[in-house]
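Raw model_29.pdb, PDB, C-alpha atoms:
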```pdb
ATOM      1  CA  MET T   1      73.527  52.115 111.888  1.00  0.00           C
ATOM      2  CA  THR T   2      70.209  53.685 112.792  1.00  0.00           C
ATOM      3  CA  LYS T   3      66.796  52.217 112.039  1.00  0.00           C
ATOM      4  CA  LYS T   4      66.147  55.000 109.539  1.00  0.00           C
ATOM      5  CA  THR T   5      69.379  54.198 107.719  1.00  0.00           C
ATOM      6  CA  LYS T   6      68.525  50.482 107.585  1.00  0.00           C
ATOM      7  CA  ALA T   7      65.028  51.291 106.326  1.00  0.00           C
ATOM      8  CA  ALA T   8      66.468  53.570 103.653  1.00  0.00           C
ATOM      9  CA  ILE T   9      68.883  50.851 102.523  1.00  0.00           C
ATOM     10  CA  VAL T  10      66.107  48.247 102.368  1.00  0.00           C
ATOM     11  CA  LEU T  11      63.829  50.634 100.490  1.00  0.00           C
ATOM     12  CA  GLY T  12      66.632  51.479  98.086  1.00  0.00           C
ATOM     13  CA  GLY T  13      67.222  47.795  97.453  1.00  0.00           C
ATOM     14  CA  VAL T  14      63.528  47.194  96.787  1.00  0.00           C
ATOM     15  CA  VAL T  15      63.352  50.111  94.375  1.00  0.00           C
ATOM     16  CA  ALA T  16      66.526  49.010  92.599  1.00  0.00           C
ATOM     17  CA  GLY T  17      65.185  45.460  92.313  1.00  0.00           C
ATOM     18  CA  ALA T  18      61.870  46.693  90.932  1.00  0.00           C
ATOM     19  CA  LEU T  19      63.606  48.900  88.374  1.00  0.00           C
ATOM     20  CA  TRP T  20      65.851  45.998  87.347  1.00  0.00           C
ATOM     21  CA  PHE T  21      62.820  43.699  86.917  1.00  0.00           C
ATOM     22  CA  VAL T  22      60.827  46.226  84.890  1.00  0.00           C
ATOM     23  CA  PHE T  23      63.546  47.631  82.647  1.00  0.00           C
ATOM     24  CA  LEU T  24      66.804  45.652  82.782  1.00  0.00           C
ATOM     25  CA  ALA T  25      65.986  41.965  83.298  1.00  0.00           C
ATOM     26  CA  GLY T  26      66.825  40.732  79.851  1.00  0.00           C
ATOM     27  CA  SER T  27      65.898  41.551  76.291  1.00  0.00           C
ATOM     28  CA  ALA T  28      65.760  39.602  73.061  1.00  0.00           C
ATOM     29  CA  ASP T  29      67.312  40.513  69.736  1.00  0.00           C
ATOM     30  CA  TYR T  30      65.830  39.196  66.498  1.00  0.00           C
ATOM     31  CA  PRO T  31      67.254  39.340  62.977  1.00  0.00           C
ATOM     32  CA  ASP T  32      65.262  41.390  60.502  1.00  0.00           C
ATOM     33  CA  THR T  33      63.141  39.313  58.139  1.00  0.00           C
ATOM     34  CA  ASP T  34      62.352  40.245  54.548  1.00  0.00           C
ATOM     35  CA  VAL T  35      59.034  39.178  53.056  1.00  0.00           C
ATOM     36  CA  ARG T  36      60.827  37.572  50.106  1.00  0.00           C
ATOM     37  CA  ASN T  37      62.883  35.374  52.431  1.00  0.00           C
ATOM     38  CA  VAL T  38      60.039  33.817  54.411  1.00  0.00           C
ATOM     39  CA  ASP T  39      59.810  30.141  53.485  1.00  0.00           C
ATOM     40  CA  ARG T  40      56.113  29.275  53.452  1.00  0.00           C
ATOM     41  CA  ASP T  41      56.588  25.509  53.868  1.00  0.00           C
ATOM     42  CA  ARG T  42      59.120  25.925  56.650  1.00  0.00           C
ATOM     43  CA  LEU T  43      56.844  28.376  58.477  1.00  0.00           C
ATOM     44  CA  PHE T  44      53.929  25.944  58.323  1.00  0.00           C
ATOM     45  CA  ALA T  45      56.130  23.079  59.542  1.00  0.00           C
ATOM     46  CA  GLN T  46      57.500  25.169  62.414  1.00  0.00           C
ATOM     47  CA  THR T  47      54.104  26.421  63.554  1.00  0.00           C
ATOM     48  CA  GLU T  48      52.436  23.016  63.194  1.00  0.00           C
ATOM     49  CA  LYS T  49      55.073  21.626  65.553  1.00  0.00           C
ATOM     50  CA  LEU T  50      54.486  24.519  67.945  1.00  0.00           C
ATOM     51  CA  LEU T  51      50.746  23.851  67.899  1.00  0.00           C
ATOM     52  CA  ALA T  52      51.283  20.110  68.456  1.00  0.00           C
ATOM     53  CA  ASP T  53      53.698  20.763  71.335  1.00  0.00           C
ATOM     54  CA  SER T  54      51.206  23.170  72.922  1.00  0.00           C
ATOM     55  CA  GLU T  55      48.745  20.319  73.438  1.00  0.00           C
ATOM     56  CA  ALA T  56      50.882  19.260  76.415  1.00  0.00           C
ATOM     57  CA  TRP T  57      50.759  22.663  78.109  1.00  0.00           C
ATOM     58  CA  PRO T  58      48.579  22.701  81.250  1.00  0.00           C
ATOM     59  CA  ALA T  59      45.523  24.946  81.055  1.00  0.00           C
ATOM     60  CA  ASP T  60      45.947  28.391  82.611  1.00  0.00           C
ATOM     61  CA  VAL T  61      42.276  29.341  82.409  1.00  0.00           C
ATOM     62  CA  SER T  62      39.117  27.940  80.817  1.00  0.00           C
ATOM     63  CA  ASP T  63      35.571  29.036  80.088  1.00  0.00           C
ATOM     64  CA  GLN T  64      33.267  26.245  78.926  1.00  0.00           C
ATOM     65  CA  SER T  65      34.639  25.165  75.525  1.00  0.00           C
ATOM     66  CA  VAL T  66      37.473  27.736  75.609  1.00  0.00           C
ATOM     67  CA  VAL T  67      40.843  26.654  77.039  1.00  0.00           C
ATOM     68  CA  VAL T  68      43.864  28.971  77.267  1.00  0.00           C
ATOM     69  CA  ALA T  69      47.389  27.758  78.041  1.00  0.00           C
ATOM     70  CA  SER T  70      50.836  29.342  77.893  1.00  0.00           C
ATOM     71  CA  SER T  71      54.496  28.406  77.966  1.00  0.00           C
ATOM     72  CA  LEU T  72      57.921  30.031  78.116  1.00  0.00           C
ATOM     73  CA  ALA T  73      59.116  27.607  75.425  1.00  0.00           C
ATOM     74  CA  PRO T  74      60.261  27.720  72.698  1.00  0.00           C
ATOM     75  CA  TYR T  75      60.632  31.499  72.357  1.00  0.00           C
ATOM     76  CA  PRO T  76      62.285  34.114  74.583  1.00  0.00           C
ATOM     77  CA  VAL T  77      58.793  35.486  75.318  1.00  0.00           C
ATOM     78  CA  ARG T  78      55.689  33.714  76.590  1.00  0.00           C
ATOM     79  CA  THR T  79      53.627  31.892  73.957  1.00  0.00           C
ATOM     80  CA  VAL T  80      49.856  31.768  74.480  1.00  0.00           C
ATOM     81  CA  ARG T  81      47.510  29.208  72.954  1.00  0.00           C
ATOM     82  CA  TYR T  82      43.750  28.913  72.945  1.00  0.00           C
ATOM     83  CA  SER T  83      41.377  26.221  71.780  1.00  0.00           C
ATOM     84  CA  VAL T  84      37.633  26.675  71.303  1.00  0.00           C
ATOM     85  CA  GLU T  85      34.996  24.303  69.938  1.00  0.00           C
ATOM     86  CA  VAL T  86      31.736  25.405  68.349  1.00  0.00           C
ATOM     87  CA  ASP T  87      28.772  23.825  66.631  1.00  0.00           C
ATOM     88  CA  GLY T  88      28.478  25.217  63.140  1.00  0.00           C
ATOM     89  CA  ASP T  89      29.365  25.133  59.486  1.00  0.00           C
ATOM     90  CA  LEU T  90      33.074  24.754  58.743  1.00  0.00           C
ATOM     91  CA  GLU T  91      33.030  27.273  55.900  1.00  0.00           C
ATOM     92  CA  LYS T  92      31.376  29.919  58.096  1.00  0.00           C
ATOM     93  CA  VAL T  93      34.041  29.422  60.756  1.00  0.00           C
ATOM     94  CA  ILE T  94      36.790  29.688  58.138  1.00  0.00           C
ATOM     95  CA  GLU T  95      35.226  32.907  56.869  1.00  0.00           C
ATOM     96  CA  TYR T  96      35.273  34.305  60.416  1.00  0.00           C
ATOM     97  CA  VAL T  97      38.925  33.370  61.011  1.00  0.00           C
ATOM     98  CA  ARG T  98      40.023  34.706  57.632  1.00  0.00           C
ATOM     99  CA  ASN T  99      38.301  38.000  58.400  1.00  0.00           C
ATOM    100  CA  GLU T 100      40.271  38.140  61.660  1.00  0.00           C
ATOM    101  CA  ASN T 101      43.508  38.081  59.676  1.00  0.00           C
ATOM    102  CA  TYR T 102      42.743  39.743  56.349  1.00  0.00           C
ATOM    103  CA  SER T 103      41.574  43.359  56.410  1.00  0.00           C
ATOM    104  CA  GLY T 104      40.801  43.822  52.735  1.00  0.00           C
ATOM    105  CA  LYS T 105      42.256  46.364  50.349  1.00  0.00           C
ATOM    106  CA  THR T 106      41.200  49.468  52.301  1.00  0.00           C
ATOM    107  CA  ARG T 107      41.914  50.544  55.870  1.00  0.00           C
ATOM    108  CA  ARG T 108      39.801  48.793  58.503  1.00  0.00           C
ATOM    109  CA  GLN T 109      39.140  51.079  61.450  1.00  0.00           C
ATOM    110  CA  LYS T 110      38.216  49.738  64.888  1.00  0.00           C
ATOM    111  CA  ALA T 111      37.638  51.419  68.231  1.00  0.00           C
ATOM    112  CA  ASP T 112      41.224  51.137  69.452  1.00  0.00           C
ATOM    113  CA  LYS T 113      43.162  50.084  66.348  1.00  0.00           C
ATOM    114  CA  TYR T 114      43.350  50.254  62.589  1.00  0.00           C
ATOM    115  CA  GLU T 115      44.598  47.773  60.023  1.00  0.00           C
ATOM    116  CA  ASP T 116      46.088  48.229  56.545  1.00  0.00           C
ATOM    117  CA  THR T 117      46.990  45.622  53.939  1.00  0.00           C
ATOM    118  CA  LEU T 118      50.449  46.661  52.756  1.00  0.00           C
ATOM    119  CA  TYR T 119      51.189  43.920  50.231  1.00  0.00           C
ATOM    120  CA  GLU T 120      49.491  40.966  48.539  1.00  0.00           C
ATOM    121  CA  ASN T 121      50.989  38.104  46.565  1.00  0.00           C
ATOM    122  CA  GLY T 122      48.030  36.254  45.106  1.00  0.00           C
ATOM    123  CA  PRO T 123      44.961  35.389  47.184  1.00  0.00           C
ATOM    124  CA  HIS T 124      46.744  33.398  49.892  1.00  0.00           C
ATOM    125  CA  GLU T 125      49.647  35.629  50.996  1.00  0.00           C
ATOM    126  CA  TRP T 126      49.488  39.158  52.352  1.00  0.00           C
ATOM    127  CA  VAL T 127      51.198  41.597  54.713  1.00  0.00           C
ATOM    128  CA  ARG T 128      49.108  43.562  57.195  1.00  0.00           C
ATOM    129  CA  ARG T 129      49.968  46.414  59.508  1.00  0.00           C
ATOM    130  CA  SER T 130      47.969  46.577  62.760  1.00  0.00           C
ATOM    131  CA  VAL T 131      48.241  49.771  64.808  1.00  0.00           C
ATOM    132  CA  HIS T 132      46.981  49.685  68.403  1.00  0.00           C
ATOM    133  CA  ILE T 133      46.054  53.115  69.738  1.00  0.00           C
ATOM    134  CA  ALA T 134      46.665  53.648  73.454  1.00  0.00           C
ATOM    135  CA  PRO T 135      45.267  56.565  75.457  1.00  0.00           C
ATOM    136  CA  LYS T 136      47.820  59.051  76.729  1.00  0.00           C
ATOM    137  CA  PRO T 137      50.283  58.704  78.385  1.00  0.00           C
ATOM    138  CA  GLY T 138      50.470  55.166  77.042  1.00  0.00           C
ATOM    139  CA  GLY T 139      52.361  54.512  73.817  1.00  0.00           C
ATOM    140  CA  ASN T 140      50.949  53.217  70.548  1.00  0.00           C
ATOM    141  CA  ARG T 141      52.058  49.859  69.166  1.00  0.00           C
ATOM    142  CA  ASP T 142      52.163  48.515  65.645  1.00  0.00           C
ATOM    143  CA  ALA T 143      52.997  45.207  64.021  1.00  0.00           C
ATOM    144  CA  VAL T 144      53.749  44.345  60.392  1.00  0.00           C
ATOM    145  CA  VAL T 145      52.983  40.687  59.781  1.00  0.00           C
ATOM    146  CA  VAL T 146      52.994  38.356  56.774  1.00  0.00           C
ATOM    147  CA  TYR T 147      50.180  35.780  56.573  1.00  0.00           C
ATOM    148  CA  PHE T 148      49.985  32.554  54.560  1.00  0.00           C
ATOM    149  CA  GLU T 149      46.721  30.638  54.343  1.00  0.00           C
ATOM    150  CA  ASP T 150      46.291  27.017  53.333  1.00  0.00           C
ATOM    151  CA  ARG T 151      43.694  24.232  52.936  1.00  0.00           C
ATOM    152  CA  PRO T 152      45.734  21.038  53.377  1.00  0.00           C
ATOM    153  CA  ASP T 153      42.518  19.001  53.179  1.00  0.00           C
ATOM    154  CA  PRO T 154      38.788  19.764  52.808  1.00  0.00           C
ATOM    155  CA  LYS T 155      38.198  19.705  56.587  1.00  0.00           C
ATOM    156  CA  THR T 156      41.176  21.856  57.609  1.00  0.00           C
ATOM    157  CA  TYR T 157      42.097  25.516  57.217  1.00  0.00           C
ATOM    158  CA  ARG T 158      45.186  27.159  58.638  1.00  0.00           C
ATOM    159  CA  VAL T 159      47.025  30.475  58.660  1.00  0.00           C
ATOM    160  CA  ALA T 160      50.718  30.765  59.553  1.00  0.00           C
ATOM    161  CA  PHE T 161      52.111  34.207  60.293  1.00  0.00           C
ATOM    162  CA  GLN T 162      55.111  36.147  61.605  1.00  0.00           C
ATOM    163  CA  SER T 163      56.550  39.650  61.658  1.00  0.00           C
ATOM    164  CA  VAL T 164      58.477  41.003  58.683  1.00  0.00           C
ATOM    165  CA  GLU T 165      60.665  44.095  58.789  1.00  0.00           C
ATOM    166  CA  THR T 166      61.428  44.722  55.116  1.00  0.00           C
ATOM    167  CA  ILE T 167      60.352  44.060  51.533  1.00  0.00           C
ATOM    168  CA  ASP T 168      63.145  43.852  48.965  1.00  0.00           C
ATOM    169  CA  GLY T 169      65.440  45.177  51.684  1.00  0.00           C
ATOM    170  CA  LYS T 170      63.378  48.324  52.253  1.00  0.00           C
ATOM    171  CA  PRO T 171      61.883  48.838  55.738  1.00  0.00           C
ATOM    172  CA  TRP T 172      58.156  49.383  56.125  1.00  0.00           C
ATOM    173  CA  PRO T 173      57.434  53.034  56.953  1.00  0.00           C
ATOM    174  CA  PRO T 174      57.286  53.615  60.723  1.00  0.00           C
ATOM    175  CA  VAL T 175      54.155  54.761  62.528  1.00  0.00           C
ATOM    176  CA  GLU T 176      54.567  57.994  64.449  1.00  0.00           C
ATOM    177  CA  ASP T 177      54.736  57.564  68.236  1.00  0.00           C
ATOM    178  CA  ALA T 178      54.500  53.762  67.972  1.00  0.00           C
ATOM    179  CA  VAL T 179      56.762  50.934  69.135  1.00  0.00           C
ATOM    180  CA  ARG T 180      56.724  47.949  66.802  1.00  0.00           C
ATOM    181  CA  PHE T 181      55.666  44.566  68.179  1.00  0.00           C
ATOM    182  CA  LYS T 182      57.567  41.469  67.133  1.00  0.00           C
ATOM    183  CA  VAL T 183      55.225  38.588  66.290  1.00  0.00           C
ATOM    184  CA  LEU T 184      57.148  35.319  66.327  1.00  0.00           C
ATOM    185  CA  PRO T 185      56.088  32.395  64.086  1.00  0.00           C
ATOM    186  CA  SER T 186      52.481  31.613  65.061  1.00  0.00           C
ATOM    187  CA  MET T 187      49.402  29.832  63.717  1.00  0.00           C
ATOM    188  CA  TYR T 188      45.616  29.711  63.465  1.00  0.00           C
ATOM    189  CA  LYS T 189      44.089  26.313  62.677  1.00  0.00           C
ATOM    190  CA  VAL T 190      40.446  25.396  62.012  1.00  0.00           C
ATOM    191  CA  GLU T 191      39.323  21.756  61.830  1.00  0.00           C
ATOM    192  CA  GLU T 192      36.019  19.956  61.471  1.00  0.00           C
ATOM    193  CA  ILE T 193      36.404  17.302  64.176  1.00  0.00           C
ATOM    194  CA  ALA T 194      32.914  15.783  63.699  1.00  0.00           C
ATOM    195  CA  PRO T 195      29.962  16.608  61.457  1.00  0.00           C
ATOM    196  CA  GLY T 196      28.814  20.087  62.490  1.00  0.00           C
ATOM    197  CA  ARG T 197      31.519  20.401  65.181  1.00  0.00           C
ATOM    198  CA  VAL T 198      34.502  22.682  64.571  1.00  0.00           C
ATOM    199  CA  ARG T 199      37.641  23.320  66.636  1.00  0.00           C
ATOM    200  CA  ILE T 200      39.637  26.538  66.350  1.00  0.00           C
ATOM    201  CA  ARG T 201      43.132  26.772  67.800  1.00  0.00           C
ATOM    202  CA  LYS T 202      45.503  29.707  67.851  1.00  0.00           C
ATOM    203  CA  VAL T 203      49.052  29.767  69.187  1.00  0.00           C
ATOM    204  CA  GLU T 204      50.881  33.096  69.213  1.00  0.00           C
ATOM    205  CA  ALA T 205      53.948  34.734  70.740  1.00  0.00           C
ATOM    206  CA  VAL T 206      54.354  38.513  70.775  1.00  0.00           C
ATOM    207  CA  ASP T 207      57.321  40.509  72.047  1.00  0.00           C
ATOM    208  CA  PRO T 208      56.081  44.043  72.792  1.00  0.00           C
ATOM    209  CA  ARG T 209      59.684  45.277  72.919  1.00  0.00           C
ATOM    210  CA  GLY T 210      59.933  48.931  73.891  1.00  0.00           C
ATOM    211  CA  SER T 211      61.610  49.737  77.209  1.00  0.00           C
ATOM    212  CA  MET T 212      60.222  46.802  79.242  1.00  0.00           C
ATOM    213  CA  SER T 213      62.407  43.805  80.081  1.00  0.00           C
ATOM    214  CA  THR T 214      61.814  40.217  78.978  1.00  0.00           C
ATOM    215  CA  LEU T 215      61.034  39.184  82.569  1.00  0.00           C
ATOM    216  CA  MET T 216      58.518  42.027  82.874  1.00  0.00           C
ATOM    217  CA  ASN T 217      56.843  40.793  79.710  1.00  0.00           C
ATOM    218  CA  ASN T 218      56.887  37.100  80.601  1.00  0.00           C
ATOM    219  CA  TYR T 219      55.743  37.355  84.207  1.00  0.00           C
ATOM    220  CA  PHE T 220      53.526  40.438  84.144  1.00  0.00           C
ATOM    221  CA  LEU T 221      52.517  41.947  80.791  1.00  0.00           C
ATOM    222  CA  SER T 222      51.765  38.670  79.030  1.00  0.00           C
ATOM    223  CA  LEU T 223      49.835  37.283  82.003  1.00  0.00           C
ATOM    224  CA  VAL T 224      47.894  40.446  82.825  1.00  0.00           C
ATOM    225  CA  PHE T 225      47.227  41.686  79.290  1.00  0.00           C
ATOM    226  CA  PHE T 226      48.053  39.241  76.477  1.00  0.00           C
ATOM    227  CA  ARG T 227      46.583  36.075  78.009  1.00  0.00           C
ATOM    228  CA  PRO T 228      43.245  37.778  78.882  1.00  0.00           C
ATOM    229  CA  TYR T 229      43.222  39.299  75.377  1.00  0.00           C
ATOM    230  CA  MET T 230      43.508  35.810  73.862  1.00  0.00           C
ATOM    231  CA  LEU T 231      40.796  34.490  76.183  1.00  0.00           C
ATOM    232  CA  ASP T 232      38.448  37.333  75.251  1.00  0.00           C
ATOM    233  CA  GLN T 233      39.178  36.814  71.557  1.00  0.00           C
ATOM    234  CA  ALA T 234      38.234  33.142  71.808  1.00  0.00           C
ATOM    235  CA  LYS T 235      35.086  33.857  73.823  1.00  0.00           C
ATOM    236  CA  GLN T 236      33.996  36.528  71.339  1.00  0.00           C
ATOM    237  CA  MET T 237      34.569  34.086  68.505  1.00  0.00           C
ATOM    238  CA  ARG T 238      32.449  31.443  70.230  1.00  0.00           C
ATOM    239  CA  THR T 239      29.632  33.918  70.962  1.00  0.00           C
ATOM    240  CA  THR T 240      29.590  35.331  67.429  1.00  0.00           C
ATOM    241  CA  LEU T 241      29.608  31.919  65.766  1.00  0.00           C
ATOM    242  CA  ASP T 242      26.895  30.609  68.105  1.00  0.00           C
ATOM    243  CA  HIS T 243      24.702  33.599  67.272  1.00  0.00           C
ATOM    244  CA  ALA T 244      25.322  33.130  63.562  1.00  0.00           C
ATOM    245  CA  ARG T 245      24.299  29.488  63.804  1.00  0.00           C
ATOM    246  CA  SER T 246      21.096  30.238  65.739  1.00  0.00           C
TER     247      SER T 246
END
```

Final structure tokens representation of the file:
Amino acid sequence: MTKKTKAAIVLGGVVAGALWFVFLAGSADYPDTDVRNVDRDRLFAQTEKLLADSEAWPADVSDQSVVVASSLAPYPVRTVRYSVEVDGDLEKVIEYVRNENYSGKTRRQKADKYEDTLYENGPHEWVRRSVHIAPKPGGNRDAVVVYFEDRPDPKTYRVAFQSVETIDGKPWPPVEDAVRFKVLPSMYKVEEIAPGRVRIRKVEAVDPRGSMSTLMNNYFLSLVFFRPYMLDQAKQMRTTLDHARS
């Protein structure tokens, strides 16, 4: 066997391994969820446990009062959690977090995404579609998510959320040229931990699906894109709330 032949075999193996890692190394299947079948109390219990368990995760990255951690448990995809503490009024922080999750009754347009409220059931339950616009040749992504908000006590506010595929058995209309994210049961929680001191925590798991493998998501996409996105979101929250206070 010549050196060129050996090199070609090695190169072929590397290419095959890379293609396997990117496209074939596992995928997750999830049952479709109808809005009517989401149990609010069960979702809060599940996500409260997830948030409590995430306290034991070692920090991946931190920036002053912002700490970001991640884990490959309990979902098939990486779950990312952040915690940020700010000085400020609890109600102002709650207003900020609610605005992050509720877009209102008309479309909210942002630089690289838009958001529509598709369904509301009273003031504390709604379904929102978020569409992320990617420059060509990248593909667009959308997510349809149900949110439940709650004030279990005067010093605590929380929002539990997850993807939903149907309402009354009817699928939500697709978005052209978009792959739909799967948001697994996740939570935002705001707490006044001392007078004038507020802690915000968010724990979220997103499966981008599409053609990429689970390993590609867990060991590349989530670390290079989703974890920095969560860090930037927490830092922006801290900066905005600090400016509002001053």

Query raised in the report: Can you list, as JSON, numbers by chain, every protein, DNA or RNA residue that comes within 9 Å of Arg245 (chain T) when you count only C-alpha atoms, leaving out same-chain residues fewer than 3 positions away?
Result: {"T": [87, 88, 89, 240, 241, 242]}

Requested in this report: Find the spatial neighbours of Ala56 (chain T), counting all atoms listed in the file, within a cut-off of 10 Å - ignore same-chain residues fewer than 4 positions away - and output them as a list in words.
Outcome: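 The filter keeps Leu51, Ala52, Ala69 and Ser71 of chain T.
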
**Report entry** Ref. answer, residues at most 7 Å from (49.3, 29.7, 51.8) with all atoms listed in the file, as a PyMOL selection string
**Finding:** chain T and resi 124-125+148-150

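Among the candidates T:Met237, T:Ala194, T:Ala28, T:Ala59, the one nearest to Asn217 (chain T) when counting all atoms listed in the file is T:Ala28.
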
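Among the candidate residues T:Ala160, T:Asn140, T:Gln109, T:Tyr188, the one lying nearest to Asp41 (chain T) is T:Ala160, with distances computed using only C-alpha atoms.
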
Report task. Would you please work out which residue, of T:Val144, T:Lys235, T:Arg128, T:Asp207, is nearest to Ser222 (chain T) when using only C-alpha atoms? Result ->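 Going through T:Val144, T:Lys235, T:Arg128, T:Asp207 one by one, the smallest distance to Ser222 (chain T) is for T:Asp207.
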
Requested in this report: Please write as an NGL selection string the full residue list that the PyMOL selection byres ((chain T and resi 97) around 12) yields on this file.
Outcome: :T and (90-96 or 98-103 or 149 or 157-159 or 187-191 or 199-202 or 233-234 or 236-238 or 240-241)

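Note that CA of Ala111 (chain T) and CA of Asp142 (chain T) are 15.0 Å apart.
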
Query raised in the report: Care to translate the PyMOL selection byres ((chain T and resi 35) around 8) into actual residues of this file, as JSON, numbers by chain?
Result: {"T": [33, 34, 36, 37, 38, 146, 164, 165, 166, 167, 168]}

Query raised in the report: Rounded to one decimal in Å, what is the spacing between CA of Pro173 (chain T) and CA of Gly139 (chain T)?
Result: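 Distance between the two atoms: 17.7 Å.
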
Query raised in the report: If I put a ball of radius 9 Å at (40.0, 51.0, 70.5) in the file's coordinates, which residues poke into it when counting all atoms listed in the file, written as a VMD selection string?
Result: chain T and resid 110 to 114 132 to 134

Can I get region 156-167 of chain T with N, CA and C atoms filled in, as a short mmCIF file (atom, residue, chain, number, x, y, z; two decimals), in the frame of the given file?
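And here's rebuild-v4.cif as it stands now:
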```cif
data_model
loop_
_atom_site.label_atom_id
_atom_site.label_comp_id
_atom_site.auth_asym_id
_atom_site.auth_seq_id
_atom_site.Cartn_x
_atom_site.Cartn_y
_atom_site.Cartn_z
N THR T 156 40.17 21.11 56.85
CA THR T 156 41.18 21.86 57.61
C THR T 156 41.52 23.16 56.90
N TYR T 157 41.64 24.21 57.70
CA TYR T 157 42.10 25.52 57.22
C TYR T 157 43.12 26.03 58.22
N ARG T 158 44.18 26.65 57.72
CA ARG T 158 45.19 27.16 58.64
C ARG T 158 45.83 28.43 58.07
N VAL T 159 46.32 29.25 59.00
CA VAL T 159 47.02 30.48 58.66
C VAL T 159 48.29 30.52 59.50
N ALA T 160 49.44 30.59 58.85
CA ALA T 160 50.72 30.76 59.55
C ALA T 160 51.17 32.21 59.35
N PHE T 161 51.77 32.79 60.39
CA PHE T 161 52.11 34.21 60.29
C PHE T 161 53.30 34.55 61.18
N GLN T 162 53.98 35.65 60.83
CA GLN T 162 55.11 36.15 61.60
C GLN T 162 55.42 37.57 61.17
N SER T 163 56.15 38.29 62.00
CA SER T 163 56.55 39.65 61.66
C SER T 163 57.54 39.66 60.50
N VAL T 164 57.47 40.74 59.71
CA VAL T 164 58.48 41.00 58.68
C VAL T 164 58.87 42.48 58.79
N GLU T 165 60.16 42.73 58.62
CA GLU T 165 60.66 44.10 58.79
C GLU T 165 60.87 44.83 57.48
N THR T 166 61.10 44.08 56.38
CA THR T 166 61.43 44.72 55.12
C THR T 166 60.76 44.00 53.95
N ILE T 167 60.72 44.68 52.81
CA ILE T 167 60.35 44.06 51.53
C ILE T 167 61.38 44.52 50.51
#
```
